[in-house]
file run15.csv (CSV, C-alpha atoms)
chain,number,residue,atom,x,y,z
K,1,ALA,CA,98.6,127.4,90.6
K,2,PRO,CA,100.1,130.9,91.3
K,3,GLN,CA,100.6,130.1,95.0
K,4,LYS,CA,102.7,127.0,94.1
K,5,ALA,CA,104.8,129.1,91.6
K,6,ILE,CA,105.4,131.8,94.2
K,7,ALA,CA,106.4,129.2,96.7
K,8,ALA,CA,108.8,127.5,94.3
K,9,VAL,CA,110.5,130.8,93.4
K,10,ALA,CA,110.9,131.7,97.1
K,11,LEU,CA,112.4,128.2,97.7
K,12,ILE,CA,114.9,128.7,94.9
K,13,ALA,CA,115.9,132.2,96.1
K,14,ALA,CA,116.4,130.9,99.7
K,15,ALA,CA,118.5,128.0,98.5
K,16,SER,CA,120.7,130.3,96.5
K,17,HIS,CA,121.5,132.2,99.7
K,18,GLY,CA,122.2,129.0,101.7
K,19,GLY,CA,118.6,128.9,103.0
K,20,ALA,CA,118.9,132.0,105.1
K,21,SER,CA,118.3,135.5,103.7
K,22,ALA,CA,116.4,138.7,104.5
K,23,ASP,CA,115.8,139.3,100.8
K,24,GLN,CA,112.2,139.6,99.6
K,25,VAL,CA,110.9,137.9,96.5
K,26,VAL,CA,108.2,139.8,94.6
K,27,VAL,CA,106.4,138.0,91.9
K,28,GLY,CA,104.2,140.0,89.5
K,29,SER,CA,101.1,137.9,88.7
K,30,ALA,CA,99.1,140.4,86.7
K,31,MET,CA,100.4,139.1,83.4
K,32,ARG,CA,101.0,135.6,82.3
K,33,THR,CA,104.1,135.1,80.2
K,34,ILE,CA,104.0,131.4,79.7
K,35,ARG,CA,101.7,128.5,80.5
K,36,SER,CA,102.9,125.0,81.4
K,37,ASP,CA,101.0,122.1,80.1
K,38,ASP,CA,98.6,120.4,82.5
K,39,ARG,CA,100.8,117.3,82.3
K,40,PHE,CA,104.0,119.2,83.2
K,41,VAL,CA,104.7,116.9,86.2
K,42,CYS,CA,106.5,113.7,85.4
K,43,VAL,CA,107.2,110.6,87.5
K,44,ASN,CA,109.3,107.6,86.5
K,45,PHE,CA,109.5,103.8,86.5
K,46,ASP,CA,113.1,102.6,86.1
K,47,TRP,CA,114.4,99.2,85.0
K,48,TRP,CA,117.0,98.5,87.8
K,49,PRO,CA,116.6,95.1,89.4
K,50,GLY,CA,116.0,94.8,93.1
K,51,ASN,CA,119.6,93.7,93.7
K,52,LYS,CA,120.9,97.1,92.6
K,53,TYR,CA,123.1,98.3,95.5
K,54,SER,CA,123.2,101.9,96.7
K,55,LYS,CA,125.6,103.4,99.2
K,56,ASN,CA,122.7,105.3,100.7
K,57,ALA,CA,122.8,104.4,104.4
K,58,GLY,CA,119.1,104.5,104.7
K,59,ALA,CA,118.3,102.2,101.8
K,60,HIS,CA,121.0,99.9,100.3
K,61,TYR,CA,118.5,98.4,97.9
K,62,PRO,CA,116.0,101.1,97.0
K,63,TRP,CA,114.9,99.5,93.7
K,64,ALA,CA,113.4,96.4,95.4
K,65,ASN,CA,109.8,96.0,94.1
K,66,ALA,CA,109.9,99.5,92.8
K,67,THR,CA,110.6,99.3,89.0
K,68,LEU,CA,108.5,98.5,86.0
K,69,LEU,CA,109.2,94.8,86.1
K,70,THR,CA,108.6,94.3,89.8
K,71,VAL,CA,106.3,97.1,91.2
K,72,ASP,CA,102.9,96.1,92.5
K,73,MET,CA,100.7,98.2,90.1
K,74,ASN,CA,97.7,97.5,92.4
K,75,ASN,CA,99.4,99.1,95.4
K,76,PRO,CA,96.8,101.5,96.9
K,77,THR,CA,99.5,104.1,97.8
K,78,LEU,CA,100.9,104.1,94.2
K,79,ARG,CA,97.4,104.5,92.7
K,80,SER,CA,96.4,107.2,95.1
K,81,ALA,CA,99.6,109.2,94.4
K,82,LEU,CA,99.0,109.0,90.6
K,83,LYS,CA,95.4,110.0,91.0
K,84,ALA,CA,96.5,113.0,93.1
K,85,LEU,CA,99.1,114.1,90.6
K,86,ALA,CA,96.8,113.5,87.5
K,87,PRO,CA,97.1,114.6,84.8
K,88,VAL,CA,100.7,113.3,85.0
K,89,HIS,CA,103.2,111.7,82.7
K,90,LEU,CA,104.5,108.3,83.8
K,91,ARG,CA,107.9,107.9,82.2
K,92,VAL,CA,109.4,104.4,81.7
K,93,GLY,CA,113.1,104.7,81.3
K,94,GLY,CA,116.5,104.8,83.0
K,95,SER,CA,120.0,103.5,82.7
K,96,LEU,CA,119.0,100.0,81.5
K,97,ALA,CA,116.5,101.1,79.0
K,98,ASP,CA,118.9,100.4,76.1
K,99,GLN,CA,119.3,96.8,77.3
K,100,ILE,CA,115.6,95.8,77.3
K,101,THR,CA,113.9,93.6,74.7
K,102,TYR,CA,110.1,93.6,74.5
K,103,ASP,CA,108.6,90.1,74.4
K,104,VAL,CA,105.7,91.0,72.2
K,105,ASP,CA,105.3,87.5,70.6
K,106,GLY,CA,106.0,85.5,73.7
K,107,SER,CA,109.1,83.8,72.2
K,108,ILE,CA,111.7,84.9,74.7
K,109,GLN,CA,112.3,82.3,77.5
K,110,PRO,CA,113.0,83.2,80.1
K,111,CYS,CA,111.8,86.8,79.9
K,112,SER,CA,113.2,88.4,83.1
K,113,GLU,CA,114.9,91.5,84.5
K,114,PRO,CA,118.5,92.2,83.7
K,115,PRO,CA,120.9,89.9,85.6
K,116,LEU,CA,124.0,91.0,87.4
K,117,ASP,CA,127.0,90.8,85.0
K,118,ASP,CA,130.3,92.5,85.5
K,119,SER,CA,132.3,90.0,83.5
K,120,ALA,CA,134.6,91.0,80.7
K,121,ASP,CA,132.3,89.4,78.2
K,122,CYS,CA,129.4,91.8,79.1
K,123,VAL,CA,129.0,94.4,76.4
K,124,TYR,CA,127.3,96.9,78.7
K,125,ASN,CA,129.0,99.2,81.2
K,126,THR,CA,126.2,99.1,83.7
K,127,GLY,CA,127.1,95.9,85.5
K,128,TYR,CA,124.0,94.2,84.2
K,129,GLY,CA,123.2,92.1,81.2
K,130,PRO,CA,120.3,92.3,78.8
K,131,GLY,CA,116.7,92.2,80.2
K,132,CYS,CA,113.3,91.5,78.9
K,133,MET,CA,109.8,93.0,79.4
K,134,PRO,CA,106.9,90.5,79.4
K,135,LEU,CA,103.9,91.8,77.5
K,136,GLN,CA,101.8,91.4,80.6
K,137,ARG,CA,103.7,94.1,82.4
K,138,TYR,CA,103.1,96.5,79.4
K,139,ASP,CA,99.4,95.7,79.6
K,140,GLU,CA,99.4,96.4,83.4
K,141,LEU,CA,101.2,99.6,82.9
K,142,HIS,CA,98.5,101.0,80.5
K,143,GLN,CA,95.8,99.6,82.7
K,144,LEU,CA,97.3,101.6,85.6
K,145,CYS,CA,97.2,104.8,83.6
K,146,GLN,CA,93.7,104.1,82.4
K,147,ASP,CA,92.6,103.8,86.1
K,148,THR,CA,94.5,106.7,87.5
K,149,GLY,CA,94.7,109.3,84.8
K,150,CYS,CA,98.4,109.2,83.8
K,151,GLN,CA,99.9,108.9,80.4
K,152,VAL,CA,103.0,106.8,79.5
K,153,LEU,CA,106.3,108.2,78.1
K,154,PHE,CA,108.1,105.1,77.0
K,155,GLY,CA,111.8,104.9,76.5
K,156,LEU,CA,112.7,102.7,73.5
K,157,ASN,CA,116.0,100.7,73.3
K,158,ALA,CA,118.3,102.7,71.0
K,159,LEU,CA,121.0,100.1,70.9
K,160,ALA,CA,118.9,97.4,69.3
K,161,GLY,CA,120.9,96.1,66.3
K,162,ARG,CA,124.1,97.7,67.4
K,163,THR,CA,127.3,96.1,68.7
K,164,PRO,CA,130.4,97.5,70.3
K,165,ALA,CA,133.4,98.1,68.1
K,166,PRO,CA,136.3,95.6,68.5
K,167,ASN,CA,138.2,96.0,71.8
K,168,THR,CA,135.8,98.6,73.3
K,169,THR,CA,132.5,98.7,75.1
K,170,GLU,CA,132.0,102.4,74.4
K,171,LEU,CA,132.1,103.0,70.7
K,172,TRP,CA,129.0,101.2,69.2
K,173,THR,CA,128.6,100.6,65.5
K,174,GLY,CA,125.8,99.6,63.1
K,175,ASP,CA,122.3,101.0,62.5
K,176,TRP,CA,119.4,101.0,64.9
K,177,ASP,CA,117.1,98.0,64.3
K,178,PRO,CA,113.5,99.2,64.8
K,179,THR,CA,111.9,95.8,64.5
K,180,ASN,CA,111.2,95.2,68.2
K,181,ALA,CA,110.1,98.8,68.6
K,182,ARG,CA,107.7,98.4,65.7
K,183,GLN,CA,106.2,95.2,67.3
K,184,LEU,CA,105.6,97.1,70.6
K,185,LEU,CA,104.1,100.1,68.9
K,186,GLU,CA,101.8,98.1,66.6
K,187,TYR,CA,100.7,96.1,69.7
K,188,THR,CA,100.0,99.5,71.4
K,189,LYS,CA,97.7,100.6,68.7
K,190,SER,CA,96.0,97.2,68.4
K,191,ARG,CA,95.1,97.3,72.1
K,192,GLY,CA,93.8,100.8,72.0
K,193,TYR,CA,96.5,102.2,74.2
K,194,VAL,CA,97.0,105.3,72.1
K,195,SER,CA,95.0,107.3,74.6
K,196,THR,CA,97.4,106.4,77.4
K,197,LEU,CA,100.7,106.7,75.4
K,198,ALA,CA,101.8,110.3,75.4
K,199,GLY,CA,105.0,109.6,73.4
K,200,VAL,CA,108.3,107.7,73.2
K,201,GLU,CA,111.9,108.4,73.7
K,202,LEU,CA,114.8,106.9,71.8
K,203,GLY,CA,117.7,106.0,74.1
K,204,ASN,CA,118.4,107.0,77.7
K,205,GLU,CA,121.5,109.3,78.2
K,206,ILE,CA,123.4,106.9,75.9
K,207,ASP,CA,126.6,108.8,76.2
K,208,GLY,CA,126.3,109.4,80.0
K,209,ALA,CA,129.3,108.3,82.0
K,210,ALA,CA,127.0,107.3,84.9
K,211,GLY,CA,124.9,105.2,82.6
K,212,ILE,CA,125.6,102.9,79.7
K,213,ASN,CA,128.3,105.2,78.3
K,214,ALA,CA,127.8,104.0,74.7
K,215,LYS,CA,129.1,106.5,72.1
K,216,LEU,CA,127.3,106.7,68.7
K,217,PRO,CA,128.2,108.6,65.6
K,218,PRO,CA,126.1,111.8,65.6
K,219,ALA,CA,125.0,111.4,62.0
K,220,GLY,CA,123.9,107.8,62.7
K,221,TYR,CA,122.0,108.8,65.8
K,222,ALA,CA,120.3,111.6,63.9
K,223,ASN,CA,119.3,109.1,61.2
K,224,ASP,CA,117.8,106.9,63.9
K,225,PHE,CA,115.4,109.7,64.9
K,226,ALA,CA,114.4,110.0,61.3
K,227,THR,CA,113.7,106.3,61.2
K,228,LEU,CA,111.6,106.6,64.4
K,229,LYS,CA,109.6,109.5,63.0
K,230,GLU,CA,108.8,107.4,59.9
K,231,LEU,CA,107.9,104.4,62.1
K,232,LEU,CA,105.5,106.4,64.2
K,233,SER,CA,103.9,107.8,61.1
K,234,GLU,CA,103.4,104.3,59.6
K,235,VAL,CA,101.9,102.9,62.8
K,236,PHE,CA,99.8,105.8,64.1
K,237,GLY,CA,99.4,108.1,61.0
K,238,ASP,CA,100.1,111.8,60.8
K,239,GLY,CA,96.8,113.2,62.2
K,240,ASP,CA,96.3,115.4,65.2
K,241,ASP,CA,95.8,112.3,67.4
K,242,ALA,CA,99.0,110.6,66.2
call {"tool": "encode", "arguments": {"input": "run15.csv", "output": "structure tokens"}}
result
Amino acid sequence: APQKAIAAVALIAAASHGGASADQVVVGSAMRTIRSDDRFVCVNFDWWPGNKYSKNAGAHYPWANATLLTVDMNNPTLRSALKALAPVHLRVGGSLADQITYDVDGSIQPCSEPPLDDSADCVYNTGYGPGCMPLQRYDELHQLCQDTGCQVLFGLNALAGRTPAPNTTELWTGDWDPTNARQLLEYTKSRGYVSTLAGVELGNEIDGAAGINAKLPPAGYANDFATLKELLSEVFGDGDDA
């Protein structure tokens, strides 16, 4: 709404002057120069386990019962918030997204959240080992969006099939293995979740120092996106609704 846009601009202007300024902000609303999509707003489910520690004095364990694997998707407050924001994108991603396997065929036992692991043998720089998403949680995620009017942006594991080069946890080698991603996407289509899947991402800030900090060859990563594009075409087709 124009009122919200004007308020946002005024807030930014005030912040740039330390919050106190006599300057006036004039917004011309007679002509629209750009239009944001109705689903411009995005919220997020992360993958951090509840034992993820934070130095925040107000909440040392802010992820407890608050991530995709643990949140109560029937929580009235959560549902009311999503309905109020709708239409809205609900992103599933975060620092551990490239450590998650999707248990589509029920063969992974146990299938649980990433465990604490800061040992020298752990190939990840996040302090956690590999985790697993039970298919039930994926079903509940899409049911939540069907009920509240959100659409899912799902972050796929971009390190599947890759391993760290010898004597390092940063430089990763090998090609992306799309097998598990294909399983999840084919399941998505078979269950009719296309209407609640807005799109997918491949990798979460892979080279981010505050995240997994896994360095990939640029050409190889570019090829991965070409592989993903082909995969999406094979599963969903190339039509307007794909």
call {"tool": "atom_distance", "arguments": {"input": "run15.csv", "atom1": "CA of Tyr53 (chain K)", "atom2": "CA of Ala97 (chain K)"}}
result
18.0 Å
call {"tool": "residues_around", "arguments": {"input": "run15.csv", "residues": "Leu231 (chain K)", "least_positions_apart": "2", "cutoff": "9 Å", "atoms": "only C-alpha atoms", "output": "list of chain:residue names"}}
result
K:Pro178, K:Ala181, K:Arg182, K:Leu185, K:Ala226, K:Thr227, K:Leu228, K:Lys229, K:Ser233, K:Glu234, K:Val235, K:Phe236
call {"tool": "residues_around", "arguments": {"input": "run15.csv", "residues": "Leu156 (chain K)", "least_positions_apart": "4", "cutoff": "12 Å", "atoms": "all atoms listed in the file", "output": "PDB file with C-alpha atoms, keeping the file's coordinate frame"}}
result
ATOM      1  CA  ARG K  91     107.900 107.900  82.200  1.00  0.00           C
ATOM      2  CA  VAL K  92     109.400 104.400  81.700  1.00  0.00           C
ATOM      3  CA  GLY K  93     113.100 104.700  81.300  1.00  0.00           C
ATOM      4  CA  GLY K  94     116.500 104.800  83.000  1.00  0.00           C
ATOM      5  CA  SER K  95     120.000 103.500  82.700  1.00  0.00           C
ATOM      6  CA  LEU K  96     119.000 100.000  81.500  1.00  0.00           C
ATOM      7  CA  ALA K  97     116.500 101.100  79.000  1.00  0.00           C
ATOM      8  CA  ASP K  98     118.900 100.400  76.100  1.00  0.00           C
ATOM      9  CA  GLN K  99     119.300  96.800  77.300  1.00  0.00           C
ATOM     10  CA  ILE K 100     115.600  95.800  77.300  1.00  0.00           C
ATOM     11  CA  THR K 101     113.900  93.600  74.700  1.00  0.00           C
ATOM     12  CA  TYR K 102     110.100  93.600  74.500  1.00  0.00           C
ATOM     13  CA  MET K 133     109.800  93.000  79.400  1.00  0.00           C
ATOM     14  CA  ALA K 160     118.900  97.400  69.300  1.00  0.00           C
ATOM     15  CA  TRP K 176     119.400 101.000  64.900  1.00  0.00           C
ATOM     16  CA  ASP K 177     117.100  98.000  64.300  1.00  0.00           C
ATOM     17  CA  PRO K 178     113.500  99.200  64.800  1.00  0.00           C
ATOM     18  CA  THR K 179     111.900  95.800  64.500  1.00  0.00           C
ATOM     19  CA  ASN K 180     111.200  95.200  68.200  1.00  0.00           C
ATOM     20  CA  ALA K 181     110.100  98.800  68.600  1.00  0.00           C
ATOM     21  CA  ARG K 182     107.700  98.400  65.700  1.00  0.00           C
ATOM     22  CA  GLN K 183     106.200  95.200  67.300  1.00  0.00           C
ATOM     23  CA  LEU K 184     105.600  97.100  70.600  1.00  0.00           C
ATOM     24  CA  LEU K 185     104.100 100.100  68.900  1.00  0.00           C
ATOM     25  CA  GLY K 199     105.000 109.600  73.400  1.00  0.00           C
ATOM     26  CA  VAL K 200     108.300 107.700  73.200  1.00  0.00           C
ATOM     27  CA  GLU K 201     111.900 108.400  73.700  1.00  0.00           C
ATOM     28  CA  LEU K 202     114.800 106.900  71.800  1.00  0.00           C
ATOM     29  CA  GLY K 203     117.700 106.000  74.100  1.00  0.00           C
ATOM     30  CA  ASN K 204     118.400 107.000  77.700  1.00  0.00           C
ATOM     31  CA  GLU K 205     121.500 109.300  78.200  1.00  0.00           C
ATOM     32  CA  ILE K 206     123.400 106.900  75.900  1.00  0.00           C
ATOM     33  CA  ASP K 224     117.800 106.900  63.900  1.00  0.00           C
ATOM     34  CA  PHE K 225     115.400 109.700  64.900  1.00  0.00           C
ATOM     35  CA  LEU K 228     111.600 106.600  64.400  1.00  0.00           C
TER      36      LEU K 228
END
call {"tool": "axis_aligned_box", "arguments": {"input": "run15.csv", "around": "region 97-106 of chain K", "padding_each_side": "3 Å", "output": "AutoDock Vina command-line options"}}
result
--center_x 112.3 --center_y 93.3 --center_z 74.8 --size_x 20.0 --size_y 21.6 --size_z 14.4
call {"tool": "closest_residue", "arguments": {"input": "run15.csv", "among": "K:Leu141, K:Leu116, K:Val104, K:Ala59", "to": "Gly129 (chain K)", "atoms": "only C-alpha atoms"}}
result
K:Leu116
call {"tool": "atom_distance", "arguments": {"input": "run15.csv", "atom1": "CA of Val43 (chain K)", "atom2": "CA of Leu153 (chain K)"}}
result
9.7 Å
call {"tool": "closest_residue", "arguments": {"input": "run15.csv", "among": "K:Gly50, K:Tyr187, K:Val88, K:Pro76", "to": "Ala64 (chain K)", "atoms": "all atoms listed in the file"}}
result
K:Gly50
call {"tool": "closest_residue", "arguments": {"input": "run15.csv", "among": "K:Arg191, K:Lys52, K:Lys83, K:His142", "to": "Tyr128 (chain K)", "atoms": "all atoms listed in the file"}}
result
K:Lys52
call {"tool": "atom_distance", "arguments": {"input": "run15.csv", "atom1": "CA of Ala86 (chain K)", "atom2": "CA of Asp72 (chain K)"}}
result
19.1 Å
